[in-house]
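Q: Okay, so here is run.cif, and as you'll see once you scroll down, it has mmCIF, C-alpha atoms.
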data_target
#
loop_
_atom_site.label_atom_id
_atom_site.label_comp_id
_atom_site.auth_asym_id
_atom_site.auth_seq_id
_atom_site.Cartn_x
_atom_site.Cartn_y
_atom_site.Cartn_z
CA MET A 1 -162.50 -8.04 -9.44
CA MET A 2 -159.14 -9.66 -8.85
CA ARG A 3 -157.64 -8.53 -12.13
CA MET A 4 -157.11 -4.93 -11.20
CA PRO A 5 -155.10 -5.53 -8.01
CA MET A 6 -153.01 -8.17 -9.82
CA ARG A 7 -152.17 -5.83 -12.63
CA PHE A 8 -151.57 -3.08 -10.16
CA ALA A 9 -149.19 -5.24 -8.13
CA ALA A 10 -147.34 -6.31 -11.26
CA GLY A 11 -147.07 -2.69 -12.29
CA VAL A 12 -145.71 -1.67 -8.92
CA CYS A 13 -143.21 -4.52 -9.00
CA ALA A 14 -142.02 -3.51 -12.46
CA ALA A 15 -141.73 0.13 -11.43
CA VAL A 16 -139.78 -0.74 -8.29
CA LEU A 17 -137.50 -3.05 -10.25
CA THR A 18 -136.89 -0.43 -12.89
CA ALA A 19 -136.12 2.17 -10.24
CA MET A 20 -133.75 -0.23 -8.50
CA ILE A 21 -131.87 -1.04 -11.67
CA ALA A 22 -131.73 2.63 -12.53
CA SER A 23 -130.44 3.55 -9.08
CA ILE A 24 -127.76 0.82 -9.19
CA ALA A 25 -126.63 1.99 -12.58
CA SER A 26 -126.70 5.67 -11.76
CA ALA A 27 -125.14 5.35 -8.30
CA ALA A 28 -121.64 5.25 -9.73
CA THR A 29 -122.16 6.91 -13.06
CA TYR A 30 -120.20 10.07 -13.55
CA SER A 31 -119.16 12.33 -16.34
CA ALA A 32 -116.05 14.52 -16.39
CA ASP A 33 -116.68 18.24 -16.08
CA ALA A 34 -114.99 21.02 -18.04
CA THR A 35 -112.18 21.48 -15.51
CA SER A 36 -110.89 17.98 -16.28
CA ARG A 37 -107.55 17.79 -18.01
CA LEU A 38 -105.95 15.39 -20.43
CA GLU A 39 -102.27 16.08 -21.07
CA PHE A 40 -99.47 14.37 -22.92
CA THR A 41 -95.73 14.80 -22.89
CA GLY A 42 -93.61 13.94 -25.88
CA VAL A 43 -89.92 14.35 -26.54
CA GLN A 44 -88.88 16.33 -29.59
CA ALA A 45 -85.24 16.93 -30.53
CA GLY A 46 -84.20 15.85 -27.06
CA ALA A 47 -86.49 18.26 -25.23
CA ALA A 48 -89.82 17.39 -23.64
CA PHE A 49 -92.93 19.22 -24.80
CA LYS A 50 -96.36 19.21 -23.28
CA GLY A 51 -99.71 19.23 -24.97
CA VAL A 52 -103.33 19.04 -23.93
CA PHE A 53 -106.58 17.98 -25.53
CA HIS A 54 -109.11 20.67 -24.69
CA GLN A 55 -112.15 18.73 -25.85
CA PHE A 56 -112.94 15.28 -24.55
CA THR A 57 -115.77 13.52 -22.81
CA ALA A 58 -115.50 10.87 -20.13
CA ALA A 59 -118.18 8.54 -18.80
CA VAL A 60 -117.18 6.68 -15.66
CA ASP A 61 -118.85 3.89 -13.76
CA PHE A 62 -116.76 3.39 -10.70
CA ASP A 63 -117.40 1.96 -7.27
CA PRO A 64 -114.25 0.86 -5.41
CA ALA A 65 -116.36 -1.89 -3.83
CA ALA A 66 -117.50 -3.26 -7.17
CA LEU A 67 -114.53 -3.20 -9.52
CA ALA A 68 -116.03 -5.91 -11.71
CA THR A 69 -118.53 -3.39 -13.04
CA ALA A 70 -116.09 -0.48 -13.23
CA ARG A 71 -115.79 1.18 -16.59
CA ILE A 72 -113.98 4.29 -17.77
CA GLU A 73 -114.71 5.53 -21.25
CA VAL A 74 -113.10 8.57 -22.82
CA THR A 75 -113.66 10.09 -26.24
CA ILE A 76 -111.13 12.68 -27.39
CA ASP A 77 -111.57 15.32 -30.06
CA MET A 78 -108.16 15.12 -31.77
CA ASN A 79 -108.70 18.53 -33.36
CA SER A 80 -108.52 20.11 -29.91
CA VAL A 81 -104.82 19.30 -29.54
CA ASP A 82 -102.81 22.22 -28.16
CA SER A 83 -99.05 21.96 -27.68
CA GLY A 84 -98.48 25.67 -27.16
CA ASP A 85 -97.41 26.35 -30.74
CA LYS A 86 -99.88 26.63 -33.58
CA ASP A 87 -97.34 25.48 -36.18
CA ARG A 88 -96.67 22.30 -34.26
CA ASP A 89 -100.41 21.82 -33.63
CA GLY A 90 -101.06 22.16 -37.35
CA THR A 91 -98.41 19.58 -38.12
CA MET A 92 -99.86 17.19 -35.55
CA ARG A 93 -103.35 17.50 -37.06
CA GLY A 94 -101.88 16.72 -40.47
CA ALA A 95 -102.00 13.46 -42.39
CA ASP A 96 -98.61 12.20 -41.15
CA ILE A 97 -99.39 12.49 -37.44
CA PHE A 98 -102.98 12.41 -36.14
CA ASP A 99 -104.67 12.78 -39.53
CA VAL A 100 -107.70 14.41 -37.94
CA ALA A 101 -109.40 14.68 -41.32
CA HIS A 102 -109.80 10.90 -41.34
CA PHE A 103 -109.62 10.17 -37.61
CA PRO A 104 -111.28 13.09 -35.84
CA SER A 105 -111.57 11.32 -32.51
CA ALA A 106 -109.76 8.84 -30.32
CA HIS A 107 -111.52 6.49 -27.95
CA TYR A 108 -110.51 4.66 -24.79
CA VAL A 109 -112.54 2.16 -22.79
CA THR A 110 -111.37 0.00 -19.93
CA ARG A 111 -111.93 -3.73 -19.86
CA SER A 112 -110.79 -4.62 -16.37
CA VAL A 113 -109.86 -2.68 -13.26
CA THR A 114 -107.78 -4.02 -10.39
CA ARG A 115 -106.67 -2.63 -7.06
CA THR A 116 -102.97 -1.86 -6.57
CA ALA A 117 -100.89 -0.87 -3.55
CA THR A 118 -101.35 2.81 -4.27
CA GLY A 119 -104.63 2.95 -6.15
CA PHE A 120 -106.00 1.18 -9.16
CA SER A 121 -104.81 -0.01 -12.50
CA ALA A 122 -106.87 -0.75 -15.55
CA VAL A 123 -106.39 -2.29 -18.93
CA GLY A 124 -108.31 -0.77 -21.75
CA ALA A 125 -108.42 -0.48 -25.48
CA LEU A 126 -107.26 2.75 -27.07
CA THR A 127 -108.38 3.49 -30.59
CA LEU A 128 -106.15 6.14 -32.08
CA ARG A 129 -105.72 6.94 -35.75
CA GLY A 130 -107.89 3.92 -36.54
CA VAL A 131 -105.68 1.47 -34.66
CA THR A 132 -106.93 -0.27 -31.51
CA LYS A 133 -104.42 -1.51 -28.96
CA ASP A 134 -104.40 -2.15 -25.24
CA VAL A 135 -103.00 0.60 -23.06
CA PRO A 136 -102.79 0.16 -19.29
CA ILE A 137 -103.47 3.08 -16.97
CA GLU A 138 -102.67 3.70 -13.31
CA PHE A 139 -105.00 5.94 -11.36
CA LYS A 140 -106.34 7.06 -8.04
CA PHE A 141 -110.01 7.53 -7.23
CA ALA A 142 -111.08 10.04 -4.59
CA PRO A 143 -114.79 10.42 -3.89
CA SER A 144 -115.92 13.84 -2.72
CA ALA A 145 -119.16 15.52 -1.75
CA ALA A 146 -119.61 16.87 -5.26
CA GLY A 147 -118.60 13.72 -7.11
CA ALA A 148 -115.13 12.24 -7.41
CA GLY A 149 -111.64 12.89 -8.66
CA LEU A 150 -109.98 10.37 -10.95
CA SER A 151 -106.39 11.09 -11.83
CA GLY A 152 -103.59 9.01 -13.19
CA THR A 153 -101.04 8.30 -15.86
CA ALA A 154 -100.41 6.08 -18.84
CA GLU A 155 -97.60 5.53 -21.25
CA LEU A 156 -97.87 4.50 -24.84
CA LYS A 157 -95.77 4.16 -27.94
CA ARG A 158 -97.02 6.46 -30.67
CA LEU A 159 -95.80 4.18 -33.46
CA ASP A 160 -98.01 1.34 -32.15
CA PHE A 161 -100.86 3.47 -33.49
CA GLY A 162 -99.16 4.67 -36.64
CA VAL A 163 -98.87 8.17 -35.20
CA GLY A 164 -95.98 9.37 -37.31
CA ARG A 165 -95.78 8.43 -40.94
CA GLY A 166 -93.14 9.18 -43.54
CA ASP A 167 -90.27 11.11 -42.00
CA TRP A 168 -92.08 11.26 -38.68
CA LYS A 169 -91.71 7.49 -38.31
CA SER A 170 -88.15 8.04 -37.22
CA THR A 171 -87.68 8.16 -33.47
CA GLU A 172 -84.38 9.99 -33.76
CA TRP A 173 -85.98 13.42 -33.42
CA VAL A 174 -89.40 12.54 -32.00
CA ALA A 175 -89.41 9.87 -29.31
CA ASP A 176 -91.71 6.87 -29.61
CA ALA A 177 -92.78 6.95 -25.96
CA VAL A 178 -95.48 9.43 -24.98
CA LYS A 179 -96.63 10.01 -21.41
CA ILE A 180 -100.26 10.71 -20.64
CA VAL A 181 -101.45 12.48 -17.52
CA PHE A 182 -105.15 12.89 -16.77
CA SER A 183 -107.18 14.37 -13.97
CA LEU A 184 -110.91 14.03 -14.27
CA ASN A 185 -113.30 15.93 -12.08
CA LEU A 186 -116.32 13.67 -12.04
CA LYS A 187 -119.86 14.84 -11.45
CA PRO A 188 -122.81 12.49 -11.08
CA LYS A 189 -124.59 12.13 -14.38
CA THR A 190 -128.00 13.69 -14.44
CA MET B 191 -40.87 48.16 -20.62
CA PRO B 192 -42.44 45.00 -19.16
CA ALA B 193 -42.47 42.08 -21.50
CA GLN B 194 -45.86 41.71 -23.10
CA ALA B 195 -47.01 38.75 -25.08
CA VAL B 196 -46.54 39.33 -28.76
CA ARG B 197 -48.52 36.32 -29.83
CA TYR B 198 -51.93 35.28 -28.61
CA SER B 199 -51.63 32.45 -26.11
CA PRO B 200 -52.62 28.91 -27.20
CA LEU B 201 -55.83 29.15 -25.15
CA ALA B 202 -56.76 32.48 -26.78
CA GLN B 203 -56.15 30.90 -30.18
CA ILE B 204 -58.30 27.90 -29.31
CA PHE B 205 -61.16 30.18 -28.20
CA HIS B 206 -60.84 32.22 -31.37
CA TRP B 207 -60.72 29.41 -33.91
CA VAL B 208 -63.18 27.04 -32.25
CA ILE B 209 -65.79 29.79 -31.92
CA ALA B 210 -65.07 31.04 -35.45
CA GLY B 211 -65.57 27.51 -36.78
CA LEU B 212 -68.79 27.04 -34.84
CA ILE B 213 -70.13 30.36 -36.17
CA VAL B 214 -69.54 29.12 -39.73
CA VAL B 215 -71.45 25.94 -38.78
CA GLN B 216 -74.28 28.12 -37.41
CA PHE B 217 -74.65 30.17 -40.59
CA THR B 218 -74.61 26.96 -42.64
CA LEU B 219 -77.26 25.22 -40.52
CA ALA B 220 -79.47 28.33 -40.48
CA ARG B 221 -79.25 28.57 -44.27
CA LEU B 222 -80.11 24.88 -44.65
CA ALA B 223 -83.09 25.05 -42.27
CA GLU B 224 -84.61 28.28 -43.58
CA PRO B 225 -86.26 27.05 -46.81
CA LEU B 226 -87.51 23.76 -45.31
CA PRO B 227 -91.15 23.22 -44.37
CA LEU B 228 -91.89 22.27 -40.76
CA GLY B 229 -90.85 18.65 -40.66
CA VAL B 230 -88.32 16.21 -39.30
CA HIS B 231 -85.47 17.63 -41.38
CA LYS B 232 -86.03 21.17 -40.25
CA LEU B 233 -86.43 19.96 -36.67
CA ALA B 234 -83.16 18.02 -36.86
CA ILE B 235 -81.18 20.91 -38.37
CA LEU B 236 -82.59 23.45 -35.94
CA ALA B 237 -81.88 21.08 -33.02
CA ARG B 238 -78.21 21.02 -34.05
CA HIS B 239 -78.24 24.78 -34.62
CA LYS B 240 -79.53 25.26 -31.06
CA SER B 241 -77.05 22.80 -29.54
CA VAL B 242 -74.14 24.49 -31.32
CA GLY B 243 -75.50 27.91 -30.33
CA MET B 244 -75.61 26.95 -26.67
CA THR B 245 -72.05 25.63 -27.01
CA ILE B 246 -70.99 29.02 -28.37
CA LEU B 247 -72.75 30.74 -25.46
CA MET B 248 -70.87 28.59 -22.93
CA LEU B 249 -67.58 29.23 -24.73
CA ALA B 250 -68.39 32.95 -24.84
CA VAL B 251 -68.82 33.01 -21.06
CA LEU B 252 -65.49 31.26 -20.54
CA ARG B 253 -63.81 33.44 -23.12
CA LEU B 254 -65.10 36.67 -21.59
CA LEU B 255 -63.99 35.59 -18.10
CA TRP B 256 -60.58 34.69 -19.51
CA ARG B 257 -60.35 37.93 -21.48
CA LEU B 258 -61.12 40.05 -18.40
CA ARG B 259 -58.07 38.54 -16.70
CA HIS B 260 -55.68 38.69 -19.64
CA ARG B 261 -54.53 41.42 -21.95
CA ALA B 262 -54.52 40.99 -25.67
CA PRO B 263 -51.18 41.56 -27.38
CA PRO B 264 -50.77 45.27 -28.20
CA LEU B 265 -51.72 46.63 -31.57
CA PRO B 266 -48.76 47.32 -33.82
CA PRO B 267 -47.36 50.85 -33.76
CA GLY B 268 -48.22 53.16 -36.58
CA MET B 269 -51.97 52.56 -36.58
CA THR B 270 -54.06 55.69 -36.87
CA ARG B 271 -56.53 56.71 -34.19
CA PHE B 272 -59.36 55.72 -36.50
CA GLU B 273 -57.84 52.29 -37.13
CA ARG B 274 -57.41 51.68 -33.40
CA MET B 275 -61.01 52.69 -32.77
CA ALA B 276 -62.23 50.46 -35.61
CA ALA B 277 -60.23 47.51 -34.25
CA ARG B 278 -61.53 48.09 -30.73
CA GLY B 279 -65.11 48.52 -31.94
CA THR B 280 -64.99 45.35 -34.02
CA HIS B 281 -63.77 43.29 -31.09
CA VAL B 282 -66.32 44.74 -28.68
CA ALA B 283 -69.04 44.06 -31.27
CA PHE B 284 -67.89 40.45 -31.52
CA TYR B 285 -68.13 39.96 -27.77
CA VAL B 286 -71.60 41.55 -27.66
CA LEU B 287 -72.78 39.38 -30.58
CA LEU B 288 -71.29 36.22 -29.07
CA PHE B 289 -73.82 36.68 -26.28
CA ALA B 290 -76.65 38.37 -28.17
CA MET B 291 -76.94 35.73 -30.89
CA PRO B 292 -77.37 32.67 -28.65
CA LEU B 293 -79.44 34.57 -26.09
CA THR B 294 -81.94 35.86 -28.66
CA GLY B 295 -82.07 32.36 -30.19
CA TRP B 296 -82.63 30.69 -26.84
CA THR B 297 -85.28 33.22 -25.81
CA MET B 298 -87.05 32.97 -29.16
CA SER B 299 -87.18 29.19 -28.81
CA SER B 300 -88.66 29.59 -25.33
CA ALA B 301 -91.24 32.08 -26.64
CA LYS B 302 -92.37 29.50 -29.20
CA ASN B 303 -92.61 26.87 -26.45
CA TYR B 304 -89.79 24.73 -27.83
CA SER B 305 -87.34 23.95 -25.06
CA VAL B 306 -83.69 23.88 -26.07
CA SER B 307 -81.83 20.61 -25.66
CA TRP B 308 -78.06 20.35 -25.67
CA PHE B 309 -77.37 17.50 -28.10
CA GLY B 310 -80.14 15.51 -26.41
CA LEU B 311 -78.09 15.28 -23.20
CA PHE B 312 -80.01 17.80 -21.15
CA THR B 313 -82.62 20.49 -21.59
CA TRP B 314 -82.05 24.17 -20.89
CA PRO B 315 -84.78 25.97 -18.95
CA ASN B 316 -87.14 28.23 -20.87
CA LEU B 317 -86.14 31.86 -20.44
CA ILE B 318 -89.65 33.23 -21.02
CA GLY B 319 -93.12 31.78 -21.35
CA LYS B 320 -94.96 31.18 -24.59
CA ASN B 321 -95.41 34.52 -26.31
CA GLU B 322 -96.11 34.84 -30.01
CA ALA B 323 -95.37 38.56 -30.23
CA ALA B 324 -92.08 38.12 -28.40
CA PHE B 325 -91.19 35.27 -30.75
CA ASP B 326 -91.76 37.42 -33.84
CA PHE B 327 -89.70 40.26 -32.40
CA LEU B 328 -86.86 37.98 -31.26
CA ARG B 329 -86.80 36.17 -34.57
CA THR B 330 -86.39 39.44 -36.42
CA THR B 331 -83.72 40.51 -33.95
CA HIS B 332 -81.87 37.19 -34.29
CA ASP B 333 -81.98 37.47 -38.09
CA THR B 334 -80.88 41.09 -38.10
CA LEU B 335 -78.02 40.43 -35.71
CA SER B 336 -76.86 37.58 -37.92
CA TYR B 337 -76.40 40.08 -40.76
CA VAL B 338 -74.54 42.41 -38.40
CA LEU B 339 -72.33 39.51 -37.31
CA PHE B 340 -71.67 38.61 -40.92
CA ALA B 341 -70.70 42.20 -41.72
CA VAL B 342 -68.43 42.49 -38.67
CA ALA B 343 -66.78 39.17 -39.55
CA VAL B 344 -66.13 40.34 -43.11
CA LEU B 345 -64.62 43.57 -41.78
CA HIS B 346 -62.52 41.58 -39.31
CA ILE B 347 -61.18 39.22 -41.99
CA LEU B 348 -60.46 42.04 -44.44
CA ALA B 349 -58.68 43.98 -41.70
CA ALA B 350 -56.54 40.96 -40.77
CA LEU B 351 -55.60 40.43 -44.41
CA LYS B 352 -54.85 44.13 -44.82
CA HIS B 353 -52.54 44.01 -41.79
CA HIS B 354 -50.79 40.96 -43.16
CA PHE B 355 -50.38 41.82 -46.81
CA TRP B 356 -50.50 45.61 -46.85
CA ASP B 357 -49.04 46.70 -43.52
CA ARG B 358 -46.89 43.56 -43.30
CA ASP B 359 -47.24 43.35 -39.52
CA ASP B 360 -47.87 40.38 -37.20
CA VAL B 361 -51.56 40.99 -36.43
CA LEU B 362 -52.75 37.96 -38.40
CA VAL B 363 -49.86 35.62 -37.68
CA ARG B 364 -50.02 36.03 -33.92
CA MET B 365 -53.48 34.46 -33.93
CA LEU B 366 -52.44 31.59 -36.20
CA PRO B 367 -51.49 28.33 -34.55
CA PHE B 368 -48.57 26.30 -35.88
CA THR B 369 -46.69 29.40 -36.99
CA LYS B 370 -43.36 30.54 -35.69
CA GLY B 371 -43.39 33.71 -33.57
CA ALA B 372 -44.20 37.11 -34.89
CA ARG B 373 -42.67 38.47 -38.00
CA ARG B 374 -41.72 41.60 -36.13
CA SER B 375 -41.50 41.97 -32.39
#
Go ahead and render the structure in this file as structure tokens.

A:
Amino acid sequence: MMRMPMRFAAGVCAAVLTAMIASIASAATYSADATSRLEFTGVQAGAAFKGVFHQFTAAVDFDPAALATARIEVTIDMNSVDSGDKDRDGTMRGADIFDVAHFPSAHYVTRSVTRTATGFSAVGALTLRGVTKDVPIEFKFAPSAAGAGLSGTAELKRLDFGVGRGDWKSTEWVADAVKIVFSLNLKPKT
Amino acid sequence: MPAQAVRYSPLAQIFHWVIAGLIVVQFTLARLAEPLPLGVHKLAILARHKSVGMTILMLAVLRLLWRLRHRAPPLPPGMTRFERMAARGTHVAFYVLLFAMPLTGWTMSSAKNYSVSWFGLFTWPNLIGKNEAAFDFLRTTHDTLSYVLFAVAVLHILAALKHHFWDRDDVLVRMLPFTKGARRS
């Protein structure tokens, strides 16, 4: 007679626990929608040029009150690079630059997030062209009714990742430093 | 009769020879870049071509402003009406091309979404937005005008030599630095 209520209680407890864990995890879990942008600015022959990656996904766990569990993860389809000139895009996809045939995607995931005077900064590992190196980012987080906005900047050296082989290794005509600008429109994950 | 300069002034000579030299550089760089595949070498040569082109454009502006305030030495007497018209037409064509060549080059670079830097020191604004059709048209125009410029330059050089060796007048000498005055006044 006592077995049923016991099992029932245990079941309820498990269900409640599962729901709680799920709600904690999902409370701050977002994904970037299609209006999000990921841009980069390089310098070529002394003149800046801008490019975007049209295809990327971002999964974000972010609660300003719980930075220890914050996590930003971005996966970029390197084939979707668009610098406003198809010849240049073709060259960038080629073996000497991004080598998309062998490295179709790049990946970034943060390891730690800290608060700064103006927003947040994070350190994360960027895997690009098969090389993984830390790249810090600075960003702002703005919650909204529909989700949140996460926008910021980063700077990296392309040669740290072997982006530019052969002649393209020279920084005389293509600068080593590349600026990244991102603005993610985050929607709660369903 | 009021005294009129027989020789071109030193400044006029500097404009003439510096721009002439830079145009030779431009043809050379264009020829070097043309057969290359898209790569660092082509990028480097075209970057110099663009920097030199923008230099020519700036010199052309200064030269035109200067020219509007100064008269060129008169043509020698004895030239036929046709010769005077040919001389005038050649010089007008040069001035038009001095602007048309760099402007079509600059615009075509803008249309391809490659901003033009001046020797890496600063970047010129894009004249138009990215536009593939405009790029193709401007590229053809730039190429065609380069042939016109080449033809006009050949005509100009042959005419100067003809004046010097055939007519034996001072038309060539008065544009040459380091030479004593005109052969004939």

Q: Quick one: apply the PyMOL selection byres ((chain B and resi 229) around 12) to the file and drop the selected residues here as an MDAnalysis selection string.

A: (chainID A and resid 44:45 87:88 90:92 94 96:97 164:170 173:174) or (chainID B and resid 223:228 230:236)

Q: Select all residues from chain B having any atom no more than 6 Å from an atom of chain A (counting all atoms listed in the file, ignoring ligands), output as JSON, numbers by chain.

A: {"B": [237, 305, 307, 310, 313]}

Q: Could you write out that same residue set with C-alpha atoms as a compact mmCIF listing (two decimals), keeping the file's coordinate frame?

A:
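The result, written out as out_0.txt:
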# COMPACT_ATOMS: atom_id res chain seq x y z
CA ALA B 237 -81.88 21.08 -33.02
CA SER B 305 -87.34 23.95 -25.06
CA SER B 307 -81.83 20.61 -25.66
CA GLY B 310 -80.14 15.51 -26.41
CA THR B 313 -82.62 20.49 -21.59

Q: Which is closest to Asp326 (chain B) among B:Thr280, B:Thr270, B:Ser300, B:Thr218, if we use all atoms listed in the file?

A: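 Comparing B:Thr280, B:Thr270, B:Ser300, B:Thr218 against Asp326 (chain B), the winner is B:Ser300.
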
Q: Which residues match the PyMOL selection byres ((chain A and resi 112) around 9) in the file above, as an MDAnalysis selection string?

A: chainID A and resid 67:71 110:111 113:114 121:124

Q: Mind telling me what the PyMOL selection byres ((chain A and resi 129) around 9) catches here, as a ChimeraX atom specification?

A: /A:97-100,102-106,127-128,130-132,161-163
